[in-house]
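Okay, run-v5.pdb is below, PDB, N, CA and C atoms:
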ATOM      1  N   MET A  33      51.113 105.762 -94.574
ATOM      2  CA  MET A  33      52.275 106.625 -94.611
ATOM      3  C   MET A  33      53.351 106.033 -93.709
ATOM      4  N   LEU A  34      54.564 106.107 -94.148
ATOM      5  CA  LEU A  34      55.668 105.576 -93.363
ATOM      6  C   LEU A  34      56.072 106.556 -92.274
ATOM      7  N   SER A  35      56.455 105.991 -91.153
ATOM      8  CA  SER A  35      56.956 106.816 -90.060
ATOM      9  C   SER A  35      58.337 107.358 -90.425
ATOM     10  N   PRO A  36      58.609 108.623 -90.147
ATOM     11  CA  PRO A  36      59.925 109.179 -90.480
ATOM     12  C   PRO A  36      61.053 108.518 -89.679
ATOM     13  N   ASN A  37      60.733 107.862 -88.581
ATOM     14  CA  ASN A  37      61.740 107.229 -87.730
ATOM     15  C   ASN A  37      61.889 105.739 -88.014
ATOM     16  N   ARG A  38      61.232 105.249 -89.049
ATOM     17  CA  ARG A  38      61.268 103.826 -89.382
ATOM     18  C   ARG A  38      62.673 103.423 -89.823
ATOM     19  N   VAL A  39      63.143 102.295 -89.321
ATOM     20  CA  VAL A  39      64.463 101.779 -89.674
ATOM     21  C   VAL A  39      64.316 100.880 -90.895
ATOM     22  N   LEU A  40      65.175 101.099 -91.903
ATOM     23  CA  LEU A  40      65.137 100.281 -93.107
ATOM     24  C   LEU A  40      65.804  98.938 -92.840
ATOM     25  N   ASP A  41      65.230  97.876 -93.435
ATOM     26  CA  ASP A  41      65.884  96.574 -93.301
ATOM     27  C   ASP A  41      67.005  96.464 -94.338
ATOM     28  N   ASP A  42      67.744  95.365 -94.310
ATOM     29  CA  ASP A  42      68.909  95.208 -95.190
ATOM     30  C   ASP A  42      68.534  95.286 -96.665
ATOM     31  N   LYS A  43      67.438  94.659 -97.033
ATOM     32  CA  LYS A  43      66.995  94.667 -98.434
ATOM     33  C   LYS A  43      66.672  96.090 -98.888
ATOM     34  N   GLU A  44      65.982  96.839 -98.038
ATOM     35  CA  GLU A  44      65.642  98.221 -98.365
ATOM     36  C   GLU A  44      66.890  99.095 -98.467
ATOM     37  N   LEU A  45      67.862  98.849 -97.606
ATOM     38  CA  LEU A  45      69.109  99.619 -97.658
ATOM     39  C   LEU A  45      69.871  99.358 -98.955
ATOM     40  N   VAL A  46      69.880  98.100 -99.406
ATOM     41  CA  VAL A  46      70.540  97.768-100.672
ATOM     42  C   VAL A  46      69.824  98.453-101.828
ATOM     43  N   MET A  47      68.487  98.412-101.816
ATOM     44  CA  MET A  47      67.719  99.053-102.887
ATOM     45  C   MET A  47      67.969 100.558-102.904
ATOM     46  N   LEU A  48      68.017 101.175-101.737
ATOM     47  CA  LEU A  48      68.282 102.609-101.649
ATOM     48  C   LEU A  48      69.681 102.936-102.152
ATOM     49  N   SER A  49      70.638 102.109-101.807
ATOM     50  CA  SER A  49      72.009 102.314-102.271
ATOM     51  C   SER A  49      72.086 102.226-103.794
ATOM     52  N   LEU A  50      71.427 101.219-104.366
ATOM     53  CA  LEU A  50      71.411 101.075-105.826
ATOM     54  C   LEU A  50      70.714 102.262-106.487
ATOM     55  N   PHE A  51      69.594 102.687-105.914
ATOM     56  CA  PHE A  51      68.862 103.830-106.454
ATOM     57  C   PHE A  51      69.743 105.074-106.446
ATOM     58  N   ASN A  52      70.464 105.281-105.359
ATOM     59  CA  ASN A  52      71.308 106.471-105.234
ATOM     60  C   ASN A  52      72.474 106.476-106.213
ATOM     61  N   GLN A  53      72.830 105.312-106.737
ATOM     62  CA  GLN A  53      73.915 105.222-107.714
ATOM     63  C   GLN A  53      73.448 105.529-109.137
ATOM     64  N   LEU A  54      72.141 105.580-109.346
ATOM     65  CA  LEU A  54      71.612 105.853-110.685
ATOM     66  C   LEU A  54      71.843 107.310-111.069
ATOM     67  N   PRO A  55      71.995 107.571-112.368
ATOM     68  CA  PRO A  55      72.028 108.966-112.830
ATOM     69  C   PRO A  55      70.674 109.630-112.549
ATOM     70  N   GLU A  56      70.687 110.938-112.413
ATOM     71  CA  GLU A  56      69.457 111.667-112.067
ATOM     72  C   GLU A  56      68.317 111.390-113.049
ATOM     73  N   ALA A  57      68.619 111.322-114.339
ATOM     74  CA  ALA A  57      67.572 111.073-115.338
ATOM     75  C   ALA A  57      66.926 109.706-115.124
ATOM     76  N   GLU A  58      67.727 108.713-114.771
ATOM     77  CA  GLU A  58      67.187 107.372-114.515
ATOM     78  C   GLU A  58      66.368 107.344-113.231
ATOM     79  N   LYS A  59      66.797 108.094-112.228
ATOM     80  CA  LYS A  59      66.018 108.187-110.992
ATOM     81  C   LYS A  59      64.634 108.751-111.296
ATOM     82  N   LEU A  60      64.603 109.829-112.077
ATOM     83  CA  LEU A  60      63.335 110.456-112.422
ATOM     84  C   LEU A  60      62.459 109.505-113.229
ATOM     85  N   ARG A  61      63.060 108.802-114.203
ATOM     86  CA  ARG A  61      62.304 107.855-115.011
ATOM     87  C   ARG A  61      61.705 106.760-114.131
ATOM     88  N   LEU A  62      62.483 106.250-113.194
ATOM     89  CA  LEU A  62      62.012 105.198-112.300
ATOM     90  C   LEU A  62      60.895 105.704-111.390
ATOM     91  N   ILE A  63      61.042 106.908-110.879
ATOM     92  CA  ILE A  63      60.006 107.493-110.021
ATOM     93  C   ILE A  63      58.709 107.672-110.799
ATOM     94  N   LEU A  64      58.801 108.199-112.019
ATOM     95  CA  LEU A  64      57.595 108.405-112.829
ATOM     96  C   LEU A  64      56.943 107.077-113.197
ATOM     97  N   HIS A  65      57.757 106.078-113.525
ATOM     98  CA  HIS A  65      57.216 104.756-113.846
ATOM     99  C   HIS A  65      56.493 104.167-112.632
ATOM    100  N   THR A  66      57.122 104.276-111.469
ATOM    101  CA  THR A  66      56.530 103.744-110.246
ATOM    102  C   THR A  66      55.224 104.457-109.923
ATOM    103  N   LYS A  67      55.197 105.765-110.125
ATOM    104  CA  LYS A  67      53.968 106.531-109.888
ATOM    105  C   LYS A  67      52.855 106.035-110.804
ATOM    106  N   GLY A  68      53.175 105.771-112.066
ATOM    107  CA  GLY A  68      52.184 105.247-113.005
ATOM    108  C   GLY A  68      51.679 103.879-112.596
ATOM    109  N   VAL A  69      52.578 103.016-112.145
ATOM    110  CA  VAL A  69      52.181 101.676-111.693
ATOM    111  C   VAL A  69      51.260 101.782-110.486
ATOM    112  N   LEU A  70      51.582 102.661-109.553
ATOM    113  CA  LEU A  70      50.737 102.837-108.369
ATOM    114  C   LEU A  70      49.355 103.368-108.745
ATOM    115  N   GLN A  71      49.289 104.262-109.728
ATOM    116  CA  GLN A  71      47.995 104.764-110.192
ATOM    117  C   GLN A  71      47.192 103.641-110.839
ATOM    118  N   ASP A  72      47.860 102.786-111.634
ATOM    119  CA  ASP A  72      47.182 101.644-112.249
ATOM    120  C   ASP A  72      46.649 100.687-111.187
ATOM    121  N   LEU A  73      47.430 100.456-110.140
ATOM    122  CA  LEU A  73      46.980  99.585-109.053
ATOM    123  C   LEU A  73      45.773 100.174-108.334
ATOM    124  N   GLU A  74      45.768 101.476-108.159
ATOM    125  CA  GLU A  74      44.626 102.135-107.516
ATOM    126  C   GLU A  74      43.366 101.969-108.368
ATOM    127  N   LEU A  75      43.505 102.132-109.689
ATOM    128  CA  LEU A  75      42.361 101.934-110.581
ATOM    129  C   LEU A  75      41.873 100.491-110.528
ATOM    130  N   LEU A  76      42.794  99.546-110.505
ATOM    131  CA  LEU A  76      42.431  98.136-110.421
ATOM    132  C   LEU A  76      41.718  97.842-109.109
ATOM    133  N   LYS A  77      42.221  98.414-108.028
ATOM    134  CA  LYS A  77      41.586  98.229-106.722
ATOM    135  C   LYS A  77      40.150  98.749-106.751
ATOM    136  N   ASN A  78      39.951  99.906-107.365
ATOM    137  CA  ASN A  78      38.610 100.473-107.466
ATOM    138  C   ASN A  78      37.706  99.593-108.316
ATOM    139  N   ASP A  79      38.246  99.044-109.408
ATOM    140  CA  ASP A  79      37.457  98.142-110.258
ATOM    141  C   ASP A  79      37.036  96.898-109.487
ATOM    142  N   VAL A  80      37.949  96.321-108.730
ATOM    143  CA  VAL A  80      37.631  95.130-107.936
ATOM    144  C   VAL A  80      36.584  95.471-106.886
ATOM    145  N   TYR A  81      36.728  96.607-106.231
ATOM    146  CA  TYR A  81      35.737  97.034-105.244
ATOM    147  C   TYR A  81      34.367  97.164-105.899
ATOM    148  N   ASP A  82      34.316  97.800-107.074
ATOM    149  CA  ASP A  82      33.045  97.962-107.781
ATOM    150  C   ASP A  82      32.439  96.616-108.153
ATOM    151  N   LEU A  83      33.265  95.684-108.627
ATOM    152  CA  LEU A  83      32.763  94.353-108.974
ATOM    153  C   LEU A  83      32.173  93.650-107.760
ATOM    154  N   ILE A  84      32.869  93.713-106.641
ATOM    155  CA  ILE A  84      32.370  93.080-105.419
ATOM    156  C   ILE A  84      31.090  93.759-104.964
ATOM    157  N   HIS A  85      31.077  95.070-104.997
ATOM    158  CA  HIS A  85      29.905  95.830-104.561
ATOM    159  C   HIS A  85      28.707  95.519-105.453
ATOM    160  N   ASN A  86      28.915  95.470-106.769
ATOM    161  CA  ASN A  86      27.824  95.191-107.704
ATOM    162  C   ASN A  86      27.352  93.748-107.601
ATOM    163  N   GLN A  87      28.227  92.832-107.225
ATOM    164  CA  GLN A  87      27.873  91.422-107.079
ATOM    165  C   GLN A  87      26.915  91.232-105.911
ATOM    166  N   LYS A  88      27.022  92.080-104.904
ATOM    167  CA  LYS A  88      26.186  91.967-103.707
ATOM    168  C   LYS A  88      24.771  92.480-103.942
ATOM    169  N   LYS A  89      24.570  93.221-105.031
ATOM    170  CA  LYS A  89      23.235  93.789-105.313
ATOM    171  C   LYS A  89      22.306  92.751-105.872
TER
END
Any chance you could give the structure as structure tokens?
Amino acid sequence: MLSPNRVLDDKELVMLSLFNQLPEAEKLRLILHTKGVLQDLELLKNDVYDLIHNQKK
């Protein structure tokens, strides 16, 4: 989890500025897409963990 007092670097500030310029519908679409990608990464991480765990047996 990110600290609420964390300072954004220049790259993050540019990305935030670009995000804030998007229409609300595009912001929502991007958030939902990102959430799906993160869920896919979590599933992949679990698959890799299972493969490593099963390889040790």
task: Just give me the gap between atom C of Asp79 (chain A) and atom C of Leu62 (chain A) in Å, one decimal is fine.
output: 25.5 Å
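For the atom pair formed by CA of Val39 (chain A) and atom N of Leu60 (chain A), the distance is 23.8 Å, given to one decimal.
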message: So that I can check the secondary structure, give me every residue of chain A assigned helix (DSSP H, G or I) by backbone DSSP, as an MDAnalysis selection string.
response: chainID A and resid 42:53 56:87
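In this structure, CA of Arg61 (chain A) sits 18.4 Å away from CA of Leu73 (chain A).
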Mind giving me the axis-aligned box for region 69-78 of chain A with 5 Å on every side, centre plus edges in Å to one decimal, as lines of an AutoDock Vina configuration file?
center_x = 45.1
center_y = 101.3
center_z = -109.5
size_x = 24.9
size_y = 16.9
size_z = 15.5
